[in-house]
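*Asks:* Okay, handing you the structure first.
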Amino acid sequence: MAAATPATFAQDVKEISFINCGDELTAGYADYFAEWEAANPGYKVAPEIVGWGQCQDKVTTLAAAGTPVSLAYVGSRTLKQFALNDLIVPIPMTDEEKASYYNYVPDTVTFDGTQWGVPVAFSTKALFWNKDLFEAAGLDPETPPKTWEEKIAFAKQITENTDAAGYGLVAKTFDNTMHQFLHWVYTNDGKVIDADGNIVLDSPNNLAALTAIKDIVPYSEEGPTAYEQNEVRAIWLDGGVAMIEAGVGAALRAEEAGMNWGVAPLPGGPDSKGPGTLLITDSLAVFKGTGVEEQAISLAKFITAGERQWAAEMAQGLTPLRPLEPQTAELVAKTPYWAPFLDGIEFGGPEPLLTDYVGLQNVIIEMVQSVVTGAAEPAAALTKAAGELEQYK
């Protein structure tokens, strides 16, 4: 289908084109579209399904060419760049709307005090461990590490007393290498960029994080730069590493594999204020110049409201964006392994919003890899990376 200025395909009916990333339309959306159309006569939602690998590029290409889609699923990390290039319209939240979300979720779509997207998907992480490997190494299989110091010590004990590595370290040239580094940042009260737009990567909190990564390298799988997050998860499922940091999908796979496993909040650093995690969201962005911006905003808010959003999240195995009750309490009571993924939100932090997300990603990956391979010491690598990020903020 063409994704241009909405065409009138029936008399007085205007199209709201919508790009939905994935292999199929998000669960429930067909019904939600019909409900919204019934309440908004004269408008018709026209969804297009685009695979994850091509989705972001297609949305960006259409917008840059002046033939934008009306509404699209995007990574929240891209919103600042879209906004600064005048490609999307702001979608301000009321105080009530902000308060309905978990802590920091509105921050993932905010810069210059304005919101530029409607959060639509949410990801948090927790620590998974193999209880059998803990026991084989002489550790209490029911007691996960609570601090970085314990995590490194446990990884060492496992490496030295079993055939497995203690920890699954992610360091491949891949986006989740940056994400995994940010778990260390946000479990030690660190930041990459502050509220005023200053790069604050080169801080004592983050130096401690990068130093801890260096310290755990000897007790990780061989050649961490060859592995991204899902590949490390596969090694864990196969019993090759004892501890990983992953999303809730790892719990489902561990159950299917019949593993003896546990999950807990991410261990904290010396300056930790409480359980933390990187808070990643995707968003619905409304593109400028379609003539149906107001209606697209209305649609975006309708399909992501309350119980509609909850149902879509549960169908996809996503962390809830809002602490709805009684749904949240029922979820944790029925499936206790969800608790750590919610507990880490309070002291978590968003993906840094810079004007060039790819530039940010590449700098952080290079920094981590230089330390993991021993090519640079943490302090020098951190200072170098902080300087390079200035051009991308």
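Simple scheme: letters A, B, ... for chains in structure tokens order, numbers from 1 for residues in each chain, numbers from 1 for ligands in the order shown.
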Name all residues at most 12 Å from Pro275 of chain A (count only C-alpha atoms; drop same-chain ones fewer than 2 positions away) and give them as a PyMOL selection string.

*Replies:* chain A and resi 124-127+146-147+183-189+264-269+271-273+277-278+339-349

*Asks:* Distance table requested - segment 290-368 of chain A against segment 30-38 of chain A, cut-off 9 Å, only C-alpha atoms: one row per qualifying residue with the closest atom pair and its distance in Å to one decimal, ordered by chain and rising residue number, as a Markdown table.

*Replies:*
```
| residue | atom | partner | partner_atom | distance |
| --- | --- | --- | --- | --- |
| A:Ser298 | CA | A:Trp36 | CA | 8.8 |
| A:Leu299 | CA | A:Trp36 | CA | 6.8 |
| A:Phe302 | CA | A:Trp36 | CA | 7.3 |
| A:Ile303 | CA | A:Tyr32 | CA | 6.1 |
| A:Arg308 | CA | A:Tyr32 | CA | 7.9 |
```

*Asks:* Which of these residues is nearest to Thr60 of chain A, using only C-alpha atoms: A:Ala242, A:Val200, A:Ala285, A:Leu169?

*Replies:*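 Among the listed residues, A:Ala285 lies closest to Thr60 of chain A.
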
*Asks:* Using only C-alpha atoms, which residue out of A:Asp57, A:Asp356, A:Asp194, A:Asp238 lies closest to Lys80 of chain A?

*Replies:*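 Using only C-alpha atoms, the shortest distance to Lys80 of chain A belongs to A:Asp356.
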
*Asks:* Atom CA of Gln391 of chain A and atom CA of Asn206 of chain A, how far apart in Å?

*Replies:*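 We find that atom CA of Asn206 of chain A and atom CA of Gln391 of chain A lie 19.8 Å from each other.
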
*Asks:* Which polymer residues have any atom within 6 Å of an atom of segment 111-121 of chain A, counting only C-alpha atoms, with same-chain residues fewer than 4 positions away left out, as a count of residues only?

*Replies:* 8

*Asks:* Excluding same-chain residues fewer than 3 positions from Leu389 of chain A, what lies within 12 Å of it counting only C-alpha atoms, as an NGL selection string?

*Replies:* :A and (192-193 or 197-202 or 352-364 or 366-367 or 382-386 or 392-393)

*Asks:* Which distance in Å separates atom CA of Ile280 of chain A and atom CA of Pro218 of chain A, to one decimal?

*Replies:*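 Those two atoms sit 29.0 Å apart.
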
*Asks:* Which one of A:Pro41, A:Pro68, A:Gly258, A:Gly53 sits closest to Phe82 of chain A if you count only C-alpha atoms?

*Replies:*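 That would be A:Pro68, the residue with the smallest distance to Phe82 of chain A.
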
*Asks:* What lies within 9 Å of segment 224-226 of chain A using only C-alpha atoms, ignoring chain neighbours under 4 positions off, as a CSV table (one decimal) with N, CA and C atoms, in the first residue's frame?

*Replies:*
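Contents of result.csv, as written:
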```
chain,number,residue,atom,x,y,z
A,168,GLY,N,27.3,-14.7,31.7
A,168,GLY,CA,27.2,-14.5,30.2
A,168,GLY,C,27.3,-13.0,29.9
A,169,LEU,N,28.5,-12.7,29.4
A,169,LEU,CA,28.8,-11.3,29.1
A,169,LEU,C,28.5,-11.0,27.6
A,170,VAL,N,27.7,-9.9,27.4
A,170,VAL,CA,27.3,-9.5,26.0
A,170,VAL,C,28.2,-8.4,25.5
A,171,ALA,N,28.9,-8.7,24.4
A,171,ALA,CA,29.9,-7.6,23.9
A,171,ALA,C,30.0,-7.7,22.4
A,172,LYS,N,29.1,-8.2,21.7
A,172,LYS,CA,29.1,-8.3,20.3
A,172,LYS,C,28.8,-6.9,19.7
A,173,THR,N,29.2,-6.7,18.4
A,173,THR,CA,28.8,-5.4,17.8
A,173,THR,C,27.3,-5.5,17.4
A,217,VAL,N,35.1,-10.3,33.3
A,217,VAL,CA,35.5,-10.9,32.0
A,217,VAL,C,36.1,-12.3,32.2
A,220,SER,N,33.6,-15.1,32.5
A,220,SER,CA,32.5,-15.1,31.5
A,220,SER,C,32.8,-16.1,30.4
A,231,GLU,N,22.1,-14.9,22.0
A,231,GLU,CA,23.1,-16.0,21.9
A,231,GLU,C,23.7,-16.4,23.2
A,232,VAL,N,23.8,-15.4,24.1
A,232,VAL,CA,24.2,-15.7,25.5
A,232,VAL,C,23.1,-16.5,26.2
A,369,GLN,N,33.8,-3.0,24.2
A,369,GLN,CA,34.7,-4.0,23.6
A,369,GLN,C,36.1,-3.7,23.9
A,372,VAL,N,36.7,-5.0,27.4
A,372,VAL,CA,36.5,-6.5,27.4
A,372,VAL,C,37.7,-7.2,26.8
A,373,THR,N,38.2,-6.6,25.7
A,373,THR,CA,39.4,-7.2,25.1
A,373,THR,C,40.7,-6.8,25.7
```

*Asks:* Using the chain letters and numbers from this document, which residues of segment 109-175 of chain A does DSSP assign to strand (DSSP E), as a list in words?

*Replies:*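 Result set for segment 109-175 of chain A (strand (DSSP E)): Thr110, Phe111, Thr114, Gln115, Val118, Pro119, Val120, Ala121, Phe122, Ser123, Ala126, Leu127, Phe128, Trp129, Asn130, Ala165, Gly166 and Tyr167 of chain A.
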
*Asks:* With distances taken over only C-alpha atoms, which of A:Leu84, A:Asp107, A:Ile297, A:Val263 is nearest to Thr335 of chain A?

*Replies:* A:Val263

*Asks:* Choose the residue, out of A:Gly22, A:Gly223, A:Gly240, A:Pro270, that has the smallest atom-to-atom separation from Ala164 of chain A; count only C-alpha atoms.

*Replies:* A:Gly240
